[in-house]
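Structure data (compact mmCIF, C-alpha atoms and all ligand atoms) from input-v2.txt:
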# COMPACT_ATOMS: atom_id res chain seq x y z
CA MET A 6 -24.38 -5.28 3.53
CA ARG A 7 -23.86 -1.53 3.87
CA THR A 8 -20.25 -0.39 3.75
CA LEU A 9 -18.32 2.80 4.46
CA VAL A 10 -14.80 3.43 3.13
CA ILE A 11 -12.69 6.06 4.91
CA GLY A 12 -10.08 7.90 2.88
CA THR A 13 -9.57 9.87 -0.27
CA GLY A 14 -7.01 8.22 -2.54
CA GLY A 15 -6.50 5.57 -5.19
CA ARG A 16 -6.57 2.75 -2.66
CA GLU A 17 -9.99 3.89 -1.46
CA HIS A 18 -11.28 4.22 -5.02
CA ALA A 19 -10.12 0.69 -5.87
CA LEU A 20 -11.60 -0.68 -2.61
CA ALA A 21 -14.93 1.12 -3.12
CA ARG A 22 -15.16 -0.20 -6.68
CA ALA A 23 -14.36 -3.77 -5.63
CA LEU A 24 -16.93 -3.56 -2.82
CA SER A 25 -19.54 -2.30 -5.27
CA LEU A 26 -19.00 -5.44 -7.37
CA ASP A 27 -19.73 -7.76 -4.41
CA PRO A 28 -23.38 -8.93 -4.82
CA ALA A 29 -23.82 -8.94 -1.02
CA VAL A 30 -22.90 -5.25 -0.82
CA THR A 31 -26.02 -3.10 -1.17
CA GLU A 32 -24.51 0.29 -0.36
CA VAL A 33 -21.05 1.81 -0.62
CA HIS A 34 -20.41 5.09 1.17
CA ALA A 35 -17.12 6.96 1.34
CA ALA A 36 -15.75 9.81 3.43
CA PRO A 37 -14.45 12.13 2.27
CA GLY A 38 -13.80 10.37 -1.07
CA ASN A 39 -12.90 12.07 -4.36
CA PRO A 40 -14.56 12.70 -7.74
CA GLY A 41 -13.68 9.19 -8.96
CA ILE A 42 -15.03 7.47 -5.87
CA ALA A 43 -18.28 9.43 -6.35
CA ALA A 44 -19.02 7.20 -9.36
CA VAL A 45 -19.20 4.07 -7.17
CA ALA A 46 -20.10 5.41 -3.70
CA THR A 47 -22.11 8.09 -1.92
CA LEU A 48 -19.71 10.70 -0.55
CA HIS A 49 -19.88 12.29 2.91
CA ASP A 50 -17.89 15.33 3.90
CA VAL A 51 -16.45 14.01 7.15
CA ASP A 52 -12.93 14.44 8.55
CA PRO A 53 -11.26 11.02 8.18
CA MET A 54 -8.93 11.81 11.10
CA SER A 55 -11.74 12.30 13.60
CA GLY A 56 -12.78 9.05 15.30
CA PRO A 57 -16.00 10.48 16.78
CA SER A 58 -17.06 12.01 13.43
CA VAL A 59 -16.40 8.79 11.51
CA ALA A 60 -18.19 6.72 14.17
CA ASP A 61 -21.20 9.09 14.12
CA LEU A 62 -21.39 8.82 10.35
CA ALA A 63 -21.19 5.01 10.47
CA VAL A 64 -24.01 4.89 13.05
CA SER A 65 -26.21 7.35 11.16
CA LEU A 66 -25.80 5.40 7.90
CA GLY A 67 -26.44 2.09 9.67
CA VAL A 68 -23.44 0.48 8.00
CA ASP A 69 -22.37 -3.09 8.71
CA LEU A 70 -18.71 -2.57 7.85
CA VAL A 71 -16.27 0.34 7.93
CA VAL A 72 -13.02 0.00 5.97
CA VAL A 73 -10.38 2.51 7.06
CA GLY A 74 -8.03 3.00 4.11
CA PRO A 75 -4.99 5.12 5.08
CA GLU A 76 -2.54 4.74 7.94
CA ALA A 77 -2.93 8.19 9.51
CA PRO A 78 -6.51 7.65 10.79
CA LEU A 79 -5.58 4.15 11.97
CA VAL A 80 -2.59 5.45 13.91
CA ALA A 81 -4.91 8.16 15.31
CA GLY A 82 -7.35 5.53 16.63
CA VAL A 83 -10.25 5.95 14.21
CA ALA A 84 -10.87 2.18 14.06
CA ASP A 85 -11.12 2.06 17.87
CA ALA A 86 -13.74 4.80 17.86
CA VAL A 87 -15.88 2.88 15.35
CA ARG A 88 -15.44 -0.47 17.12
CA GLU A 89 -16.50 1.11 20.43
CA ARG A 90 -19.85 1.87 18.84
CA GLY A 91 -20.36 -1.81 18.03
CA ILE A 92 -19.71 -1.55 14.28
CA ALA A 93 -17.40 -4.00 12.50
CA VAL A 94 -14.29 -2.28 11.20
CA PHE A 95 -11.57 -3.54 8.91
CA GLY A 96 -8.44 -1.84 10.19
CA PRO A 97 -6.24 -2.21 13.26
CA SER A 98 -6.57 -0.47 16.60
CA ARG A 99 -4.34 2.46 17.36
CA ALA A 100 -2.11 0.19 19.45
CA ALA A 101 -1.78 -2.42 16.67
CA ALA A 102 -1.19 0.28 14.04
CA ARG A 103 2.18 0.92 15.68
CA LEU A 104 3.45 -1.87 13.42
CA GLU A 105 3.50 0.88 10.80
CA GLY A 106 3.59 3.96 13.02
CA SER A 107 6.93 3.04 14.59
CA LYS A 108 9.71 1.21 12.77
CA ALA A 109 11.35 0.50 16.15
CA PHE A 110 8.15 -1.15 17.45
CA ALA A 111 7.84 -3.26 14.27
CA ASN A 112 11.46 -4.35 14.51
CA GLY A 113 10.93 -5.34 18.15
CA VAL A 114 7.91 -7.49 17.26
CA MET A 115 9.77 -9.13 14.38
CA GLU A 116 12.74 -9.90 16.58
CA VAL A 117 10.65 -11.67 19.22
CA ALA A 118 8.55 -13.43 16.57
CA GLY A 119 11.63 -14.62 14.67
CA VAL A 120 10.56 -12.91 11.43
CA PRO A 121 13.35 -12.59 8.84
CA THR A 122 14.13 -8.91 8.36
CA ALA A 123 17.08 -6.49 8.13
CA GLY A 124 19.40 -6.04 11.06
CA SER A 125 18.75 -2.60 12.61
CA HIS A 126 19.82 -0.11 15.25
CA THR A 127 17.54 2.58 16.68
CA CYS A 128 19.56 5.75 17.31
CA THR A 129 18.95 9.09 18.98
CA THR A 130 22.47 10.61 18.96
CA ALA A 131 25.01 11.39 16.25
CA ALA A 132 27.48 9.02 17.88
CA GLU A 133 24.98 6.14 17.75
CA VAL A 134 24.25 6.98 14.10
CA ALA A 135 27.95 6.92 13.21
CA ALA A 136 28.44 3.57 14.95
CA ALA A 137 25.39 2.05 13.21
CA LEU A 138 26.52 3.27 9.77
CA ASP A 139 29.95 1.72 10.41
CA ASP A 140 28.38 -1.51 11.56
CA PHE A 141 26.34 -2.12 8.38
CA GLY A 142 28.44 -0.27 5.80
CA ALA A 143 27.16 1.05 2.45
CA PRO A 144 24.58 1.18 0.97
CA TYR A 145 23.15 2.98 3.99
CA VAL A 146 19.47 2.67 4.91
CA VAL A 147 18.26 5.50 7.18
CA LYS A 148 14.62 5.63 8.31
CA ASP A 149 12.79 8.27 10.28
CA ASP A 150 11.07 6.45 13.17
CA ALA A 151 7.74 8.07 12.43
CA LEU A 152 5.15 7.91 9.69
CA ALA A 153 6.49 9.58 6.58
CA ALA A 154 4.26 8.08 3.85
CA GLY A 155 7.08 6.05 2.33
CA LYS A 156 9.21 9.17 2.02
CA GLY A 157 11.02 9.15 5.37
CA VAL A 158 13.55 6.65 4.07
CA VAL A 159 16.90 7.41 2.48
CA VAL A 160 18.89 4.63 0.82
CA THR A 161 22.27 5.87 -0.35
CA ARG A 162 25.96 5.09 -0.79
CA ASP A 163 26.75 8.67 0.17
CA ARG A 164 27.65 8.71 3.86
CA ALA A 165 27.19 12.48 4.16
CA GLU A 166 23.64 12.17 2.83
CA ALA A 167 22.93 9.35 5.30
CA VAL A 168 24.27 11.40 8.21
CA ALA A 169 22.31 14.48 7.13
CA HIS A 170 19.01 12.56 6.93
CA ALA A 171 19.65 10.99 10.35
CA ALA A 172 20.35 14.44 11.82
CA ALA A 173 16.99 15.69 10.55
CA CYS A 174 15.06 12.99 12.47
CA ASP A 175 14.33 12.83 16.22
CA ARG A 176 14.74 9.10 16.38
CA VAL A 177 16.18 7.20 13.49
CA VAL A 178 16.43 3.53 12.53
CA ILE A 179 19.56 2.49 10.62
CA GLU A 180 19.25 -0.81 8.81
CA GLU A 181 21.20 -3.41 6.96
CA PHE A 182 20.66 -3.08 3.17
CA LEU A 183 18.54 -5.90 1.73
CA ASP A 184 19.46 -6.74 -1.84
CA GLY A 185 16.81 -8.29 -4.08
CA PRO A 186 13.60 -7.55 -5.97
CA GLU A 187 10.86 -6.02 -3.85
CA VAL A 188 7.38 -7.49 -3.60
CA SER A 189 4.21 -6.64 -1.70
CA VAL A 190 2.11 -9.30 0.00
CA PHE A 191 -1.18 -8.23 1.58
CA ALA A 192 -2.50 -10.41 4.37
CA ILE A 193 -6.15 -10.13 5.43
CA CYS A 194 -6.10 -10.71 9.20
CA ASP A 195 -8.78 -11.22 11.85
CA GLY A 196 -6.42 -11.24 14.82
CA ALA A 197 -5.72 -14.97 14.66
CA THR A 198 -6.29 -16.19 11.09
CA ALA A 199 -4.81 -14.70 7.92
CA TYR A 200 -5.28 -15.12 4.18
CA ALA A 201 -2.72 -13.74 1.75
CA LEU A 202 -3.70 -12.01 -1.45
CA GLN A 203 -1.74 -12.65 -4.65
CA PRO A 204 1.67 -10.88 -4.50
CA ALA A 205 2.22 -7.66 -6.48
CA GLN A 206 5.18 -5.48 -7.33
CA ASP A 207 5.23 -1.72 -6.78
CA PHE A 208 7.60 0.66 -8.59
CA LYS A 209 8.68 3.10 -5.91
CA ARG A 210 11.16 5.45 -7.50
CA ILE A 211 10.06 8.41 -9.60
CA PHE A 212 12.17 7.70 -12.70
CA ASP A 213 12.55 4.79 -15.13
CA GLY A 214 15.05 2.15 -14.18
CA GLY A 215 14.37 2.63 -10.46
CA ARG A 216 16.20 5.96 -10.35
CA GLY A 217 15.47 9.14 -8.43
CA PRO A 218 13.79 9.65 -5.08
CA ASN A 219 11.26 7.31 -3.49
CA THR A 220 7.59 8.03 -4.06
CA GLY A 221 4.38 6.52 -2.72
CA GLY A 222 4.48 4.25 -5.80
CA MET A 223 4.46 4.96 -9.55
CA GLY A 224 2.86 1.74 -10.80
CA SER A 225 2.26 -1.90 -10.03
CA TYR A 226 1.28 -5.25 -11.48
CA THR A 227 0.28 -8.79 -10.67
CA PRO A 228 0.87 -11.76 -11.00
CA LEU A 229 4.61 -12.04 -10.43
CA THR A 230 5.32 -14.83 -12.89
CA TRP A 231 9.03 -14.81 -11.99
CA ALA A 232 8.60 -15.27 -8.24
CA GLN A 233 8.43 -18.59 -6.40
CA PRO A 234 4.88 -19.96 -6.75
CA ASP A 235 4.53 -20.61 -3.00
CA LEU A 236 5.61 -17.06 -2.04
CA SER A 237 2.28 -16.20 -0.36
CA GLU A 238 2.34 -19.40 1.69
CA VAL A 239 5.97 -18.82 2.72
CA VAL A 240 5.14 -15.27 3.82
CA LEU A 241 2.11 -16.45 5.81
CA GLU A 242 4.18 -19.12 7.52
CA ARG A 243 7.37 -17.20 8.25
CA VAL A 244 6.08 -13.65 8.65
CA VAL A 245 2.34 -13.18 9.10
CA ARG A 246 1.39 -15.98 11.51
CA PRO A 247 4.32 -15.40 13.91
CA THR A 248 3.56 -11.66 13.86
CA LEU A 249 -0.15 -12.19 14.61
CA ALA A 250 0.78 -14.56 17.44
CA GLU A 251 3.20 -12.04 18.96
CA MET A 252 0.68 -9.19 18.66
CA SER A 253 -1.99 -11.32 20.37
CA ALA A 254 0.49 -12.29 23.10
CA ARG A 255 0.99 -8.56 23.72
CA GLY A 256 -2.78 -8.13 24.05
CA ILE A 257 -3.08 -6.11 20.82
CA PRO A 258 -4.52 -8.50 18.21
CA PHE A 259 -4.05 -7.29 14.65
CA VAL A 260 -7.26 -6.95 12.60
CA GLY A 261 -6.96 -5.52 9.12
CA CYS A 262 -4.48 -5.68 6.26
CA LEU A 263 -0.93 -6.50 7.22
CA TYR A 264 1.06 -5.24 4.25
CA VAL A 265 4.35 -7.07 4.09
CA GLY A 266 6.96 -5.30 1.95
CA LEU A 267 9.65 -7.88 1.18
CA ALA A 268 13.00 -8.12 -0.49
CA LEU A 269 13.56 -11.47 -2.15
CA THR A 270 17.19 -11.86 -1.16
CA ALA A 271 19.64 -14.66 -1.90
CA SER A 272 18.89 -16.00 1.59
CA GLY A 273 15.10 -15.95 1.08
CA PRO A 274 12.30 -13.40 1.55
CA ARG A 275 13.05 -10.78 4.22
CA VAL A 276 10.76 -8.06 5.48
CA ILE A 277 11.62 -4.48 4.48
CA GLU A 278 8.62 -2.94 6.18
CA PHE A 279 5.20 -3.54 7.63
CA ASN A 280 2.27 -1.33 6.84
CA VAL A 281 -1.12 -1.69 8.47
CA ARG A 282 -3.31 -1.02 5.44
CA PHE A 283 -3.46 -1.87 1.76
CA GLY A 284 -0.63 -0.40 -0.32
CA ASP A 285 -1.35 1.98 -3.11
CA PRO A 286 -0.96 1.44 -6.04
CA ASP A 287 0.11 -2.15 -5.32
CA ILE A 288 -3.38 -3.23 -4.19
CA GLN A 289 -5.02 -1.92 -7.38
CA PRO A 290 -4.03 -4.73 -9.78
CA VAL A 291 -4.61 -7.32 -7.04
CA LEU A 292 -8.23 -6.19 -6.62
CA ALA A 293 -8.68 -6.25 -10.41
CA VAL A 294 -7.94 -9.99 -10.53
CA LEU A 295 -9.59 -10.92 -7.21
CA ASP A 296 -12.38 -13.37 -7.96
CA SER A 297 -13.81 -13.52 -4.42
CA PRO A 298 -16.36 -11.11 -2.94
CA LEU A 299 -14.35 -8.41 -1.14
CA GLY A 300 -17.13 -7.34 1.25
CA GLU A 301 -17.61 -10.85 2.61
CA LEU A 302 -13.85 -11.24 3.14
CA LEU A 303 -13.31 -7.93 4.93
CA LEU A 304 -16.47 -8.31 7.06
CA ALA A 305 -15.39 -11.80 8.17
CA ALA A 306 -11.96 -10.46 9.12
CA ALA A 307 -13.50 -7.53 11.01
CA GLN A 308 -15.75 -9.94 12.92
CA GLY A 309 -12.99 -12.40 13.82
CA ARG A 310 -14.44 -15.25 11.73
CA LEU A 311 -12.15 -15.35 8.72
CA ALA A 312 -11.75 -19.13 9.00
CA GLU A 313 -15.48 -19.46 8.20
CA VAL A 314 -15.16 -17.97 4.71
CA PRO A 315 -13.21 -19.42 1.77
CA ALA A 316 -9.68 -18.23 1.08
CA PRO A 317 -9.56 -15.63 -1.69
CA VAL A 318 -9.16 -16.87 -5.26
CA PHE A 319 -7.76 -15.03 -8.27
CA ARG A 320 -8.58 -14.99 -11.96
CA ASP A 321 -6.16 -16.42 -14.47
CA ALA A 322 -5.42 -12.90 -15.76
CA ALA A 323 -3.01 -10.04 -15.15
CA ALA A 324 -3.43 -6.40 -14.24
CA VAL A 325 -1.12 -3.39 -14.56
CA THR A 326 -1.49 0.07 -13.02
CA VAL A 327 0.37 3.14 -14.34
CA VAL A 328 0.35 6.20 -12.08
CA LEU A 329 0.08 9.71 -13.53
CA ALA A 330 1.69 12.21 -11.16
CA SER A 331 1.61 15.99 -11.11
CA ALA A 332 4.45 18.43 -11.68
CA GLY A 333 7.00 18.55 -8.87
CA TYR A 334 6.18 15.13 -7.39
CA PRO A 335 7.53 13.68 -5.10
CA GLU A 336 9.17 16.78 -3.56
CA SER A 337 5.98 18.78 -4.04
CA SER A 338 2.84 18.62 -6.15
CA SER A 339 0.81 20.84 -8.41
CA LYS A 340 -2.85 21.56 -7.79
CA GLY A 341 -5.48 22.86 -10.19
CA ASP A 342 -4.01 21.66 -13.51
CA VAL A 343 -6.88 20.72 -15.84
CA ILE A 344 -7.02 17.01 -16.71
CA THR A 345 -8.31 15.88 -20.09
CA GLY A 346 -9.00 12.42 -21.48
CA ALA A 347 -9.73 10.56 -18.24
CA ASP A 348 -13.23 9.60 -19.39
CA LEU A 349 -11.95 8.40 -22.75
CA ALA A 350 -9.30 6.25 -21.08
CA GLY A 351 -11.80 4.81 -18.61
CA ALA A 352 -14.20 3.89 -21.41
CA ARG A 353 -11.68 1.47 -22.91
CA GLU A 354 -12.36 -2.25 -22.54
CA GLY A 355 -10.73 -3.64 -19.39
CA VAL A 356 -9.54 -0.22 -18.17
CA ASP A 357 -10.37 1.61 -14.94
CA VAL A 358 -9.17 5.12 -14.26
CA ILE A 359 -8.59 5.25 -10.53
CA HIS A 360 -8.61 8.70 -8.93
CA ALA A 361 -5.88 9.38 -6.38
CA GLY A 362 -5.55 13.16 -6.16
CA THR A 363 -8.25 14.88 -8.20
CA ALA A 364 -10.86 17.56 -7.59
CA LEU A 365 -13.61 19.31 -9.51
CA ALA A 366 -13.20 23.03 -10.22
CA ASP A 367 -15.84 24.87 -12.26
CA GLY A 368 -16.86 21.61 -13.88
CA ASP A 369 -13.30 20.63 -14.80
CA LEU A 370 -11.44 17.67 -13.38
CA VAL A 371 -8.19 19.08 -11.98
CA THR A 372 -5.09 17.80 -10.20
CA ALA A 373 -5.21 17.93 -6.40
CA GLY A 374 -2.17 16.00 -5.22
CA GLY A 375 1.11 14.34 -6.13
CA ARG A 376 -0.31 11.16 -7.53
CA VAL A 377 -3.30 12.22 -9.59
CA LEU A 378 -4.72 9.24 -11.49
CA ALA A 379 -3.83 5.60 -11.92
CA VAL A 380 -4.70 3.85 -15.16
CA ARG A 381 -5.40 0.20 -14.43
CA ALA A 382 -5.87 -2.41 -17.11
CA LEU A 383 -6.72 -6.10 -17.14
CA GLY A 384 -5.19 -8.46 -19.67
CA THR A 385 -4.59 -12.09 -20.46
CA ASP A 386 -1.01 -11.74 -19.25
CA VAL A 387 1.23 -8.96 -17.92
CA ALA A 388 2.40 -7.85 -21.38
CA ASP A 389 -1.20 -7.63 -22.62
CA ALA A 390 -2.38 -5.70 -19.54
CA ARG A 391 0.64 -3.41 -19.80
CA ALA A 392 -0.04 -2.57 -23.47
CA THR A 393 -3.68 -1.79 -22.67
CA ALA A 394 -2.75 0.34 -19.65
CA TYR A 395 -0.23 2.48 -21.56
CA ALA A 396 -2.53 2.87 -24.58
CA ALA A 397 -5.23 4.19 -22.26
CA ALA A 398 -2.77 6.34 -20.28
CA ASP A 399 -1.71 7.98 -23.59
CA LEU A 400 -5.22 9.47 -23.82
CA VAL A 401 -4.86 11.39 -20.56
CA SER A 402 -3.04 14.67 -20.29
CA PHE A 403 -2.50 17.59 -17.93
CA PRO A 404 0.31 20.16 -17.65
CA GLY A 405 3.43 18.69 -16.05
CA LEU A 406 2.18 15.07 -16.13
CA GLN A 407 4.85 12.59 -15.02
CA ARG A 408 4.74 8.84 -15.47
CA ARG A 409 7.18 5.98 -15.70
CA GLU A 410 7.45 4.18 -19.02
CA ASP A 411 8.81 0.94 -17.58
CA ILE A 412 6.03 -0.27 -15.29
CA ALA A 413 5.77 -4.06 -15.64
CA SER A 414 8.22 -4.10 -18.54
CA GLU A 415 10.52 -7.02 -19.31
CA PRO A 416 12.54 -8.42 -17.68
CA LEU A 417 9.99 -8.50 -14.88
CA GLY A 418 11.22 -8.38 -11.30
CA VAL A 419 14.65 -7.06 -12.15
CA VAL A 420 14.32 -3.30 -12.09
CA GLU A 421 12.78 -2.64 -8.71
CA GLY A 422 15.09 -3.08 -5.78
CA ALA A 423 17.55 -5.32 -7.61
CA SER A 424 20.44 -3.17 -6.48
CA LEU A 425 21.19 0.40 -5.63
CA ARG A 426 21.77 2.44 -8.77
P1 LIG B 501 9.92 1.89 3.54
O1 LIG B 501 9.24 3.20 3.81
O2 LIG B 501 10.44 1.23 4.77
O3 LIG B 501 9.08 1.03 2.66
O4 LIG B 501 11.17 2.18 2.60
C1 LIG B 501 10.99 2.76 1.32
C2 LIG B 501 11.85 2.05 0.33
O5 LIG B 501 13.24 2.12 0.72
C3 LIG B 501 11.57 0.57 0.20
O6 LIG B 501 10.53 0.33 -0.66
C4 LIG B 501 12.90 0.08 -0.35
O7 LIG B 501 12.99 0.33 -1.73
C5 LIG B 501 13.90 0.93 0.36
N1 LIG B 501 14.35 0.23 1.58
C6 LIG B 501 13.86 0.37 2.82
N2 LIG B 501 14.51 -0.43 3.70
C7 LIG B 501 15.45 -1.09 3.00
C8 LIG B 501 16.47 -2.05 3.35
N3 LIG B 501 16.66 -2.46 4.61
N4 LIG B 501 17.25 -2.52 2.35
C9 LIG B 501 17.07 -2.09 1.08
N5 LIG B 501 16.17 -1.18 0.69
C10 LIG B 501 15.36 -0.67 1.63
N1 LIG B 502 2.84 1.60 -2.40
C1 LIG B 502 3.48 1.87 -1.19
C2 LIG B 502 2.60 2.23 -0.08
O1 LIG B 502 1.39 2.18 -0.17
O2 LIG B 502 3.13 2.55 0.97

Show the structure stored in the file as structure tokens.
Ligand code: AMP
Ligand code: GLY
Amino acid sequence: MRTLVIGTGGREHALARALSLDPAVTEVHAAPGNPGIAAVATLHDVDPMSGPSVADLAVSLGVDLVVVGPEAPLVAGVADAVRERGIAVFGPSRAAARLEGSKAFANGVMEVAGVPTAGSHTCTTAAEVAAALDDFGAPYVVKDDALAAGKGVVVTRDRAEAVAHAAACDRVVIEEFLDGPEVSVFAICDGATAYALQPAQDFKRIFDGGRGPNTGGMGSYTPLTWAQPDLSEVVLERVVRPTLAEMSARGIPFVGCLYVGLALTASGPRVIEFNVRFGDPDIQPVLAVLDSPLGELLLAAAQGRLAEVPAPVFRDAAAVTVVLASAGYPESSSKGDVITGADLAGAREGVDVIHAGTALADGDLVTAGGRVLAVRALGTDVADARATAYAAADLVSFPGLQRREDIASEPLGVVEGASLR
């Protein structure tokens, strides 16, 4: 099987690496990729946002499967362009990608499908905003109704801050605050059938203890030993299957990864958000412990025959990912800072250095984004994987490097999302 991964970040590096380990996968290509992905795939300099360019590349390479990594190309219809050329693609159509592209659309689908989520109001005027803030009370949750890469959301007790964020958005969704640890469940969907991957936890805030602004994610781990053992099954039953049924009823079947961000509240799991692609870095540890061939799974989903392949199985092991971010992140980022030690870290037993935002400049590996590298380690349990990940991360340096010291630290499950600090 020949495969092509579209995108340029840590998610795409982890996907390309996992595909390369599938014995049925003979070729892995990536566009545009990054210096880390180049070690496991052949790179092609193609604009990931251009459907025709991506489709032309897929045809010229004769690939059997295209995996579109990030949300922006999906929302722009890149999967449709590839599918129109008769090539299997793992990733939703432009219409189905609205589950992530519009919070108001996602909330509408969840309402009809009876999916447990936060109460919400979609507002376009200051008066509507004020009424919605009064209705739910503090802490206030204010979301821009447009893609903002996890950064269009403000959660605050400060009413003035909530009002200011709402005023800066065209259309805004104000939500009830969901109190409880946050988890990520990734469902592989073929439109009708879904398999859930093992749940993971992502650490979203920039600073230790879950403080500071939201980021794209500063680290992650799996398994969640503290969570209910049937969590994946509960999420399939209460969230994923009703959502797939409602999407099909609307004539827009969902094919790809439905990423369910959940709060485990006192009244059970409730959806915080849907995304239409794998989460990064949350997917990284999950792929490290996946014991099933990834290519076979994604191809079956793309071809609408998921029920014909076995459900994914996971190793009795743990994995932890620690993100190394550049100076200024998440408000800004720093490009061109020289990175040292990445090779040393990656040479350690059980460690992968995943490239998120890197580039080569005059033979040096340099920073090229907010999240730069992710150090991922396997271990016998979470504590073991964590120790290995941090020991390897200690070998990497660049000016202004930022990382959290409490990824996957004890007590597990408590820090992230437990309450608003
Ligand atoms: P989102 O982009 O929707 O994932 O939101 C980013 C982050 O804001 C989430 O990971 C949560 O930590 C927080 N958040 C979003 N919605 C809610 C909510 N309704 N209740 C509590 N926290 C939320
Ligand atoms: N880790 C959060 C995201 O991918 O949106």

Please extract the residues at most 9 Å from ligand LIG 501 (chain B), counting only C-alpha atoms and all ligand atoms, and provide them as a PyMOL selection string, using the chain letters and residue numbers of this document.
chain A and resi 108+122-125+144-149+152-160+179-188+207-210+219-222+266-268+276-280+421-422+424-425

What gap, in Å, lies between atom CA of A:Gly41 and atom CA of A:Pro317?
26.2 Å

Pick from A:Val134, A:Ala151, A:Val239, A:Ile288: nearest to A:Pro274, with only C-alpha atoms counted?
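Looking only at the distances to A:Pro274, the closest residue turns out to be A:Val239.
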
What does the structure give for the distance between atom CA of A:Ala143 and atom CA of A:Thr130, in Å to one decimal?
19.6 Å

The residue from A:Val358, A:Ala167, A:Leu138, A:Leu9 with the smallest atom-to-atom distance to A:Gln289, counting only C-alpha atoms, is A:Val358

Proximity to A:Ala379 - best of A:Ala392, A:Leu79, A:Val401, A:Val291, only C-alpha atoms:
A:Val401

d(atom CA of A:Thr326, atom CA of A:Thr393) in Å:
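Distance between the two atoms: 10.1 Å.
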
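The smallest atom-to-atom distance between ligand LIG 502 (chain B) and any of A:Ser58, A:Asn112, A:Ser225, A:Thr129, using only C-alpha atoms and all ligand atoms, is found for A:Ser225.
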
Nearest to A:Leu20 among A:Met252, A:Val260, A:Ala109, A:Ile359, with distances taken over all atoms listed in the file: which residue is it?
A:Ile359

Distance query A:Gly300 at most 9 Å, all atoms listed in the file, self and fewer than 4 positions along chain excluded, as a list in words:
Met6, Thr8, Ala23, Leu24, Ser25, Asp27, Pro28, Ala29, Val30, Leu70, Leu304 and Ala305 of chain A

Which is closer to ligand LIG 502 (chain B) than all the others in A:Met223, A:Val356, A:Ala366, A:Leu229, using only C-alpha atoms and all ligand atoms?
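Of A:Met223, A:Val356, A:Ala366, A:Leu229, the one nearest ligand LIG 502 (chain B), counting only C-alpha atoms and all ligand atoms, is A:Met223.
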
Quick one: residues within 9 Å of stretch 255-258 of chain A, only C-alpha atoms, excluding same-chain residues fewer than 6 positions away - as a VMD selection string?
chain A and resid 97 to 98 100 to 101 195 to 197 249

File dump, residues just selected, C-alpha atoms, as a PDB file, in the frame of the given file:
ATOM      1  CA  PRO A  97      -6.240  -2.210  13.260  1.00  0.00           C
ATOM      2  CA  SER A  98      -6.570  -0.470  16.600  1.00  0.00           C
ATOM      3  CA  ALA A 100      -2.110   0.190  19.450  1.00  0.00           C
ATOM      4  CA  ALA A 101      -1.780  -2.420  16.670  1.00  0.00           C
ATOM      5  CA  ASP A 195      -8.780 -11.220  11.850  1.00  0.00           C
ATOM      6  CA  GLY A 196      -6.420 -11.240  14.820  1.00  0.00           C
ATOM      7  CA  ALA A 197      -5.720 -14.970  14.660  1.00  0.00           C
ATOM      8  CA  LEU A 249      -0.150 -12.190  14.610  1.00  0.00           C
TER       9      LEU A 249
END

Around all the atoms of stretch 28-35 of chain A listed in the file, draw an axis-aligned box and extend it by 5 Å on each of the six sides; I want its centre and edge lengths in Å to one decimal, as AutoDock Vina command-line options.
--center_x -21.6 --center_y -1.0 --center_z -1.7 --size_x 18.9 --size_y 25.9 --size_z 16.2

Quick one: residues within 9 Å of A:Ala350, all atoms listed in the file, excluding same-chain residues fewer than 3 positions away - as a PDB file with C-alpha atoms, in the coordinates of the input?
ATOM      1  CA  GLY A 346      -9.000  12.420 -21.480  1.00  0.00           C
ATOM      2  CA  ALA A 347      -9.730  10.560 -18.240  1.00  0.00           C
ATOM      3  CA  ARG A 353     -11.680   1.470 -22.910  1.00  0.00           C
ATOM      4  CA  VAL A 356      -9.540  -0.220 -18.170  1.00  0.00           C
ATOM      5  CA  ASP A 357     -10.370   1.610 -14.940  1.00  0.00           C
ATOM      6  CA  VAL A 358      -9.170   5.120 -14.260  1.00  0.00           C
ATOM      7  CA  VAL A 380      -4.700   3.850 -15.160  1.00  0.00           C
ATOM      8  CA  ALA A 394      -2.750   0.340 -19.650  1.00  0.00           C
ATOM      9  CA  ALA A 396      -2.530   2.870 -24.580  1.00  0.00           C
ATOM     10  CA  ALA A 397      -5.230   4.190 -22.260  1.00  0.00           C
ATOM     11  CA  ALA A 398      -2.770   6.340 -20.280  1.00  0.00           C
ATOM     12  CA  ASP A 399      -1.710   7.980 -23.590  1.00  0.00           C
ATOM     13  CA  LEU A 400      -5.220   9.470 -23.820  1.00  0.00           C
ATOM     14  CA  VAL A 401      -4.860  11.390 -20.560  1.00  0.00           C
TER      15      VAL A 401
END
